[in-house]
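Shown here: my_file.cif, mmCIF, C-alpha atoms.
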data_final
loop_
_atom_site.label_atom_id
_atom_site.label_comp_id
_atom_site.auth_asym_id
_atom_site.auth_seq_id
_atom_site.Cartn_x
_atom_site.Cartn_y
_atom_site.Cartn_z
CA MET A 1 188.44 89.59 -41.40
CA THR A 2 187.57 85.90 -41.74
CA ILE A 3 184.03 84.55 -41.96
CA GLY A 4 184.42 83.01 -38.50
CA ALA A 5 185.16 86.42 -37.02
CA VAL A 6 182.11 87.88 -38.73
CA GLN A 7 179.87 85.22 -37.23
CA THR A 8 180.99 85.99 -33.65
CA LEU A 9 179.80 89.58 -34.01
CA PRO A 10 176.24 90.16 -32.87
CA ALA A 11 174.03 90.41 -35.97
CA ASP A 12 172.84 93.82 -37.09
CA TRP A 13 169.07 94.37 -36.63
CA ARG A 14 168.84 95.24 -40.33
CA ASP A 15 169.75 91.65 -41.16
CA PHE A 16 166.79 90.42 -39.12
CA PHE A 17 164.60 92.92 -40.95
CA ALA A 18 165.90 91.65 -44.32
CA LEU A 19 164.85 88.11 -43.31
CA THR A 20 161.20 89.19 -43.44
CA LYS A 21 161.45 89.94 -47.20
CA PRO A 22 160.09 93.51 -46.89
CA ARG A 23 159.30 93.83 -50.61
CA VAL A 24 157.09 90.73 -50.63
CA MET A 25 155.51 92.06 -47.44
CA SER A 26 154.37 95.25 -49.18
CA LEU A 27 152.27 93.21 -51.64
CA VAL A 28 150.91 91.13 -48.76
CA ILE A 29 149.88 94.33 -46.93
CA PHE A 30 148.22 95.71 -50.06
CA THR A 31 146.11 92.62 -50.86
CA GLY A 32 145.30 92.04 -47.17
CA LEU A 33 144.15 95.64 -46.82
CA CYS A 34 142.01 95.35 -49.97
CA GLY A 35 140.30 92.24 -48.58
CA LEU A 36 139.64 94.09 -45.35
CA LEU A 37 138.29 97.22 -47.05
CA ALA A 38 136.15 95.33 -49.58
CA ALA A 39 134.44 93.11 -47.00
CA PRO A 40 130.87 93.93 -46.02
CA GLY A 41 130.46 95.35 -42.54
CA SER A 42 132.83 97.51 -40.57
CA ILE A 43 135.79 97.05 -38.29
CA HIS A 44 137.22 99.41 -35.66
CA PRO A 45 140.23 101.17 -37.26
CA VAL A 46 142.56 100.04 -34.45
CA ILE A 47 141.44 96.41 -34.79
CA GLY A 48 141.74 96.67 -38.59
CA PHE A 49 145.27 98.03 -38.19
CA ALA A 50 146.14 95.17 -35.82
CA ALA A 51 144.76 92.64 -38.33
CA ILE A 52 146.89 93.99 -41.21
CA LEU A 53 149.92 94.21 -38.91
CA CYS A 54 149.47 90.55 -37.93
CA ILE A 55 149.13 89.46 -41.57
CA ALA A 56 152.38 91.33 -42.35
CA ILE A 57 154.26 89.96 -39.32
CA GLY A 58 153.04 86.43 -40.06
CA ALA A 59 154.30 86.76 -43.65
CA GLY A 60 157.62 88.04 -42.28
CA GLY A 61 157.90 85.07 -39.93
CA ALA A 62 157.15 82.63 -42.74
CA ALA A 63 159.77 84.35 -44.94
CA ALA A 64 162.37 84.04 -42.16
CA LEU A 65 161.60 80.32 -41.77
CA ASN A 66 161.84 79.92 -45.55
CA GLN A 67 165.33 81.45 -45.55
CA TRP A 68 166.36 79.41 -42.52
CA TRP A 69 165.46 76.22 -44.38
CA GLU A 70 166.89 77.29 -47.75
CA ALA A 71 170.20 78.83 -46.57
CA ASP A 72 172.24 76.23 -48.48
CA ILE A 73 170.18 76.62 -51.65
CA ASP A 74 170.39 80.44 -51.43
CA ALA A 75 174.18 80.23 -51.08
CA GLY A 76 174.35 78.47 -54.46
CA MET A 77 172.39 81.09 -56.45
CA LYS A 78 173.69 84.50 -57.53
CA ARG A 79 170.37 86.26 -56.85
CA THR A 80 170.19 85.09 -53.23
CA ALA A 81 173.83 84.57 -52.18
CA ALA A 82 174.00 87.99 -50.50
CA ARG A 83 171.07 87.27 -48.14
CA PRO A 84 171.95 87.46 -44.40
CA LEU A 85 172.25 83.68 -43.87
CA PRO A 86 174.30 82.53 -46.91
CA SER A 87 176.63 85.52 -46.51
CA GLY A 88 177.28 84.55 -42.87
CA ARG A 89 175.99 87.77 -41.29
CA LEU A 90 173.42 85.84 -39.27
CA GLN A 91 173.39 82.47 -37.46
CA ARG A 92 170.95 79.88 -38.82
CA LYS A 93 169.33 79.11 -35.49
CA ASP A 94 168.82 82.84 -34.82
CA ALA A 95 166.87 83.06 -38.09
CA ARG A 96 164.81 80.00 -37.12
CA ASP A 97 163.99 81.37 -33.66
CA PHE A 98 163.20 84.81 -35.10
CA GLY A 99 160.83 83.22 -37.64
CA ILE A 100 159.07 81.13 -35.00
CA ALA A 101 158.78 84.15 -32.66
CA LEU A 102 157.22 86.34 -35.36
CA SER A 103 154.82 83.56 -36.44
CA VAL A 104 153.62 82.77 -32.92
CA ALA A 105 153.31 86.46 -31.98
CA SER A 106 151.30 87.31 -35.11
CA VAL A 107 148.82 84.45 -34.58
CA ALA A 108 148.47 85.21 -30.85
CA ILE A 109 147.86 88.93 -31.37
CA MET A 110 145.42 88.21 -34.23
CA GLY A 111 143.47 85.85 -31.97
CA LEU A 112 143.35 88.25 -29.01
CA ALA A 113 142.75 91.48 -30.95
CA VAL A 114 140.53 90.31 -33.84
CA HIS A 115 139.19 86.76 -33.47
CA TRP A 116 140.43 83.20 -33.50
CA LEU A 117 139.04 82.28 -36.95
CA ALA A 118 141.29 84.89 -38.57
CA ALA A 119 144.14 83.70 -36.32
CA ALA A 120 143.57 80.07 -37.37
CA ILE A 121 143.68 80.93 -41.09
CA LEU A 122 146.83 83.01 -40.49
CA ALA A 123 148.45 80.05 -38.70
CA LEU A 124 147.43 77.79 -41.59
CA SER A 125 148.95 80.19 -44.14
CA ILE A 126 152.28 80.31 -42.27
CA LEU A 127 152.42 76.51 -41.97
CA TYR A 128 151.45 76.19 -45.62
CA TYR A 129 154.30 78.43 -46.80
CA ALA A 130 157.02 77.35 -44.36
CA VAL A 131 156.31 73.61 -44.20
CA ILE A 132 154.10 72.36 -47.06
CA TYR A 133 155.67 74.62 -49.70
CA THR A 134 159.26 75.35 -48.59
CA ILE A 135 160.19 72.10 -46.89
CA TRP A 136 158.01 69.55 -48.64
CA LEU A 137 156.91 70.37 -52.19
CA LYS A 138 159.19 73.11 -53.59
CA PRO A 139 162.19 70.78 -53.99
CA ARG A 140 159.99 67.94 -55.30
CA THR A 141 157.70 69.10 -58.09
CA PRO A 142 157.85 71.51 -61.04
CA GLN A 143 154.33 72.56 -60.02
CA ASN A 144 155.99 74.24 -56.99
CA ILE A 145 155.01 77.71 -58.20
CA VAL A 146 151.35 76.68 -58.43
CA ILE A 147 151.52 75.42 -54.86
CA GLY A 148 153.51 78.44 -53.65
CA GLY A 149 150.84 80.70 -55.14
CA GLY A 150 148.50 79.36 -52.48
CA ALA A 151 150.66 80.96 -49.79
CA GLY A 152 150.50 84.38 -51.44
CA ALA A 153 146.74 84.01 -51.84
CA PHE A 154 145.87 83.99 -48.14
CA PRO A 155 146.18 87.74 -47.21
CA PRO A 156 142.95 89.04 -48.86
CA LEU A 157 141.06 86.04 -47.42
CA ILE A 158 142.35 86.79 -43.92
CA GLY A 159 141.66 90.53 -44.30
CA TRP A 160 138.07 89.81 -45.38
CA VAL A 161 137.42 87.25 -42.64
CA ALA A 162 138.85 89.65 -40.03
CA VAL A 163 135.85 91.90 -40.79
CA THR A 164 133.07 89.36 -41.34
CA GLY A 165 134.10 86.64 -38.88
CA GLU A 166 133.07 83.89 -41.31
CA ILE A 167 134.40 82.21 -44.45
CA THR A 168 132.06 82.89 -47.37
CA LEU A 169 132.35 82.37 -51.13
CA THR A 170 133.67 85.82 -52.13
CA PRO A 171 136.85 85.75 -50.00
CA VAL A 172 137.52 82.19 -51.19
CA LEU A 173 137.27 83.52 -54.77
CA LEU A 174 139.78 86.28 -53.89
CA PHE A 175 142.08 83.48 -52.74
CA LEU A 176 141.55 81.64 -56.04
CA ILE A 177 142.31 84.78 -58.08
CA ILE A 178 145.84 85.12 -56.66
CA PHE A 179 146.28 81.35 -56.77
CA THR A 180 145.49 81.27 -60.52
CA TRP A 181 147.40 84.49 -61.23
CA THR A 182 150.70 83.35 -59.71
CA PRO A 183 151.83 80.69 -62.27
CA PRO A 184 151.63 82.91 -65.41
CA HIS A 185 153.11 85.80 -63.42
CA PHE A 186 156.09 83.81 -62.17
CA TRP A 187 156.70 81.64 -65.24
CA ALA A 188 156.80 84.72 -67.48
CA LEU A 189 159.62 85.95 -65.22
CA ALA A 190 161.29 82.54 -65.20
CA LEU A 191 161.36 82.52 -69.01
CA PHE A 192 163.39 85.72 -69.35
CA VAL A 193 165.50 85.64 -66.20
CA GLN A 194 168.37 83.23 -66.47
CA SER A 195 168.16 81.63 -63.06
CA ASP A 196 170.38 79.05 -61.52
CA TYR A 197 167.61 77.00 -59.89
CA ALA A 198 168.75 73.98 -61.88
CA LYS A 199 172.19 74.21 -60.29
CA VAL A 200 170.79 73.92 -56.76
CA GLY A 201 168.27 71.18 -57.59
CA ILE A 202 164.98 73.13 -57.47
CA PRO A 203 162.76 71.79 -60.30
CA MET A 204 161.49 74.97 -61.99
CA MET A 205 159.00 74.42 -64.83
CA PRO A 206 161.01 75.89 -67.76
CA VAL A 207 164.00 73.74 -66.77
CA VAL A 208 162.15 70.48 -66.13
CA ARG A 209 159.35 70.49 -68.74
CA GLY A 210 160.95 72.88 -71.20
CA GLU A 211 159.89 76.22 -72.62
CA ARG A 212 157.04 74.98 -74.83
CA SER A 213 155.20 73.29 -72.02
CA THR A 214 155.73 76.33 -69.76
CA ARG A 215 154.31 78.64 -72.42
CA ARG A 216 151.24 76.42 -72.91
CA GLN A 217 150.62 76.35 -69.18
CA ILE A 218 150.95 80.15 -68.94
CA LEU A 219 148.06 80.44 -71.43
CA LEU A 220 146.05 77.74 -69.64
CA TYR A 221 146.21 79.52 -66.28
CA SER A 222 145.52 82.89 -67.93
CA LEU A 223 142.33 81.45 -69.46
CA ILE A 224 141.23 80.00 -66.12
CA LEU A 225 141.91 83.40 -64.52
CA VAL A 226 139.16 85.09 -66.60
CA PRO A 227 136.12 83.29 -65.08
CA VAL A 228 137.77 83.15 -61.64
CA ALA A 229 138.37 86.93 -61.60
CA VAL A 230 134.82 87.71 -62.78
CA ALA A 231 133.17 85.17 -60.46
CA PRO A 232 132.88 87.48 -57.39
CA TRP A 233 130.55 89.63 -59.51
CA TRP A 234 128.57 86.65 -60.96
CA ILE A 235 127.72 85.35 -57.52
CA GLY A 236 126.63 88.80 -56.41
CA GLY A 237 129.53 89.36 -54.06
CA THR A 238 130.48 92.63 -55.77
CA GLY A 239 128.82 95.25 -57.94
CA TRP A 240 128.98 96.01 -61.67
CA PHE A 241 132.04 98.23 -61.34
CA TYR A 242 134.23 95.35 -60.23
CA GLY A 243 132.62 92.99 -62.78
CA ILE A 244 133.43 95.24 -65.75
CA ALA A 245 136.94 95.99 -64.46
CA ALA A 246 137.68 92.30 -63.88
CA ALA A 247 136.39 91.27 -67.33
CA ALA A 248 138.40 93.98 -69.13
CA LEU A 249 141.60 93.45 -67.13
CA SER A 250 141.45 89.67 -67.51
CA ALA A 251 140.73 89.81 -71.26
CA LEU A 252 143.83 91.99 -71.60
CA PHE A 253 145.76 89.45 -69.51
CA VAL A 254 144.89 86.74 -72.04
CA ALA A 255 145.82 89.11 -74.87
CA PHE A 256 149.28 89.48 -73.34
CA ALA A 257 149.58 85.72 -72.69
CA VAL A 258 148.68 84.56 -76.23
CA PRO A 259 151.86 85.87 -77.95
CA VAL A 260 153.94 84.32 -75.15
CA ALA A 261 152.19 80.97 -75.63
CA LEU A 262 152.46 80.90 -79.43
CA ARG A 263 156.11 81.76 -79.94
CA SER A 264 159.39 80.14 -79.09
CA SER A 265 162.42 82.17 -78.15
CA THR A 266 165.63 82.46 -80.09
CA PRO A 267 168.86 83.55 -78.45
CA GLY A 268 169.16 87.33 -78.22
CA ASP A 269 165.53 88.12 -79.16
CA GLY A 270 165.07 90.28 -76.05
CA MET A 271 162.08 88.28 -74.73
CA ARG A 272 159.79 91.31 -75.17
CA PRO A 273 156.40 89.48 -74.97
CA GLU A 274 157.42 87.69 -71.75
CA LYS A 275 158.61 90.94 -70.16
CA ARG A 276 155.39 92.67 -71.20
CA LEU A 277 153.25 89.89 -69.72
CA PHE A 278 155.21 90.00 -66.46
CA GLY A 279 154.95 93.79 -66.20
CA TYR A 280 151.23 93.67 -66.97
CA SER A 281 150.62 90.87 -64.44
CA VAL A 282 151.85 93.10 -61.58
CA PHE A 283 149.71 96.01 -62.83
CA TYR A 284 146.75 93.61 -63.20
CA LEU A 285 146.76 92.46 -59.58
CA PHE A 286 147.10 95.97 -58.16
CA VAL A 287 144.32 97.43 -60.31
CA LEU A 288 141.99 94.43 -59.85
CA PHE A 289 142.17 94.66 -56.06
CA ALA A 290 141.92 98.45 -56.14
CA ALA A 291 138.76 98.01 -58.28
CA LEU A 292 137.39 95.61 -55.67
CA VAL A 293 137.72 98.29 -52.98
CA ALA A 294 136.44 101.08 -55.23
CA ASP A 295 133.44 98.89 -56.11
CA ARG A 296 132.03 99.21 -52.60
CA THR A 297 131.73 102.99 -52.99
CA VAL A 298 130.89 103.11 -56.71
CA SER A 299 128.28 100.35 -56.82
CA GLY A 300 126.99 101.19 -53.35
CA LEU A 301 126.86 97.52 -52.56
CA GLY A 302 128.84 95.52 -50.08
CA GLY A 303 129.14 91.87 -50.96
CA THR A 304 127.02 89.62 -48.79
CA VAL A 305 127.71 86.25 -50.38
CA MET B 1 190.14 91.16 -30.05
CA THR B 2 191.18 94.59 -31.28
CA PRO B 3 189.67 97.80 -29.85
CA ASP B 4 188.08 98.36 -33.27
CA GLN B 5 186.26 95.03 -33.14
CA GLN B 6 185.16 95.71 -29.59
CA ALA B 7 183.77 99.09 -30.61
CA GLU B 8 181.90 97.44 -33.50
CA ILE B 9 180.36 94.87 -31.13
CA ARG B 10 179.23 97.65 -28.77
CA ARG B 11 177.77 99.61 -31.70
CA ARG B 12 175.77 96.62 -32.94
CA GLN B 13 174.57 95.73 -29.45
CA LYS B 14 173.41 99.28 -28.95
CA SER B 15 171.52 99.50 -32.24
CA ARG B 16 169.88 96.11 -31.59
CA ASN B 17 168.83 97.18 -28.10
CA LEU B 18 167.34 100.38 -29.50
CA ALA B 19 165.44 98.44 -32.18
CA LEU B 20 164.10 95.94 -29.64
CA GLY B 21 163.19 98.75 -27.23
CA GLY B 22 161.29 100.48 -30.03
CA VAL B 23 159.35 97.28 -30.80
CA LEU B 24 158.42 96.84 -27.12
CA VAL B 25 157.22 100.45 -26.77
CA PHE B 26 155.17 99.98 -29.96
CA LEU B 27 153.60 96.78 -28.59
CA VAL B 28 152.68 98.53 -25.31
CA ILE B 29 150.90 101.28 -27.25
CA LEU B 30 149.25 98.73 -29.58
CA PHE B 31 147.91 96.59 -26.73
CA TYR B 32 146.63 99.68 -24.94
CA ALA B 33 144.83 100.83 -28.11
CA ILE B 34 143.40 97.34 -28.76
CA THR B 35 142.10 97.15 -25.18
CA ILE B 36 140.37 100.53 -25.47
CA ALA B 37 138.92 99.60 -28.89
CA ARG B 38 137.56 96.26 -27.69
CA MET B 39 135.99 97.80 -24.59
CA GLY B 40 134.18 100.37 -26.72
#
Go ahead and render the structure in this file as structure tokens.
Amino acid sequence: MTIGAVQTLPADWRDFFALTKPRVMSLVIFTGLCGLLAAPGSIHPVIGFAAILCIAIGAGGAAALNQWWEADIDAGMKRTAARPLPSGRLQRKDARDFGIALSVASVAIMGLAVHWLAAAILALSILYYAVIYTIWLKPRTPQNIVIGGGAGAFPPLIGWVAVTGEITLTPVLLFLIIFTWTPPHFWALALFVQSDYAKVGIPMMPVVRGERSTRRQILLYSLILVPVAVAPWWIGGTGWFYGIAAAALSALFVAFAVPVALRSSTPGDGMRPEKRLFGYSVFYLFVLFAALVADRTVSGLGGTV
Amino acid sequence: MTPDQQAEIRRRQKSRNLALGGVLVFLVILFYAITIARMG
């Protein structure tokens, strides 16, 4: 069967589902839910469910728009060549329309079911990822991961604001935690995964600025992460339980980042410190946000700041 | 177009219709639940 014949077949619904990047969505649901559960006040379970659903659908829409825009780039990289668009299982304009439909629906339902402040921030996060990051800055600067981290940082902020109805300091700090966490998390991965970003013209940090600079910046962001992660406790937005957990987890993060920053790799050395830092960074985010939720019960204090 | 291809098209159309139908039923239930919750 030729590629042309494949394209005339109606696309399988599973290909549309794959466009939403379900694995990324699970992390979005987790951090969004933590923001919602950690916020002071209460929300009707049905409305809370609708809020998380809208955050997930909005992320799915943004992911579909990202793949619509990057179909040519994805076709040139081994990791992404099998996605529905580069492999020809789906038409480009179908992916675009699907992405727009999911984005509009998620913002509309969020506005009607929860409130329009949460809907506005959701709309901003989708535009930020699909337009500012994907279309504008990702192909232009090696700081693209720093900027992309902003997109992943919205869910806990939206979850929190869905409950409180206002933007306060604590949810902004939750945003900053993920924002600061993303560069060391991703660059650790970029150091040990041989990627072909260079081939398709995306300026990734290790390729553009070299390994040494990337390693230094991993340590820099890890050091900034310590005060940022502890800040929700300093300002009184959380209790002691979260404060201690954040301090311990973040100190360990730096401990994992230091060996990565101080060494330089030789061919065939296995990249153990980088792999350890990457593995720990995933654990870190899950446990930190779980501690945030647990804090409300343990410390008996809902943040009010 | 061979009968095999035609059968494949029908199969995909059917599974897509079922998926879309499922989404619509889910949305009906969700909007009903949201309405009840917001009235309460």
Which residues of chain A sit at most 9 Å from chain B, using only C-alpha atoms? Give each one's shortest atom pair and distance in Å (one decimal place), in chain and ascending residue order, as a tab-separated table.
residue	atom	partner	partner_atom	distance
A:Leu9	CA	B:Ile9	CA	6.0
A:Pro10	CA	B:Arg12	CA	6.5
A:Ala11	CA	B:Arg12	CA	7.1
A:Asp12	CA	B:Arg12	CA	5.8
A:Trp13	CA	B:Arg16	CA	5.4
A:Arg14	CA	B:Arg16	CA	8.8
A:His44	CA	B:Ala37	CA	7.0
A:Pro45	CA	B:Ala37	CA	8.6
A:Val46	CA	B:Ile34	CA	6.4
A:Ile47	CA	B:Ile34	CA	6.4
A:Ala50	CA	B:Leu30	CA	7.8
A:Ile109	CA	B:Phe31	CA	9.0
A:Ala113	CA	B:Ile34	CA	6.3
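Computed from the coordinates, the CA of Pro139 (chain A) to CA of Leu85 (chain A) distance equals 19.2 Å.
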Sel. within 10 Å of pt (164.3, 84.8, -71.4), counting only C-alpha atoms, output as a list in words: Ala188, Leu189, Ala190, Leu191, Phe192, Val193, Gln194, Ser195, Glu211, Ser265, Thr266, Pro267, Gly268, Asp269, Gly270, Met271, Arg272, Pro273, Glu274 and Lys275 of chain A
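CA of Val163 (chain A) is found 14.4 Å from CA of Thr31 (chain A).
Computed from the coordinates, the CA of Val287 (chain A) to CA of Val228 (chain A) distance equals 15.8 Å.
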Given the file shown, determine the residues that the PyMOL selection byres ((chain A and resi 165) around 10) selects; report them as a PyMOL selection string. chain A and resi 114-118+158+160-164+166-168
Can you tell me which residues surround Phe30 (chain A) at a distance of at most 10 Å, considering all atoms listed in the file, apart from same-chain residues fewer than 5 positions away, and format the answer as a ChimeraX atom specification? /A:25,35-36,52,56,155-156,286,289-290
Using all atoms listed in the file, pick whichever of A:Ala59, A:Ala101, A:Ala82, A:Leu249 has the shortest atom-to-atom distance to Ser125 (chain A). A:Ala59
Apply the PyMOL selection byres ((chain A and resi 238-240) around 12) to the file shown and report the selected residues as a PyMOL selection string. chain A and resi 38-40+169-171+173-174+229-237+241-247+289+291-305
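Compared by their closest atoms to Gln217 (chain A), and using all atoms listed in the file, the residues A:Ser281, A:Ser250, A:Gln143, A:Asn66 rank with A:Gln143 nearest.
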Give me the result of the PyMOL selection byres ((chain A and resi 64) around 9) on this file, residue by residue, as a ChimeraX atom specification. /A:16,18-21,59-63,65-69,95-96,98-100,102,130
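Remark: for Tyr280 (chain A), the closest of the candidate residues A:Tyr221, A:Tyr197, A:Trp181, A:Phe154 is A:Trp181 (distances computed over only C-alpha atoms).
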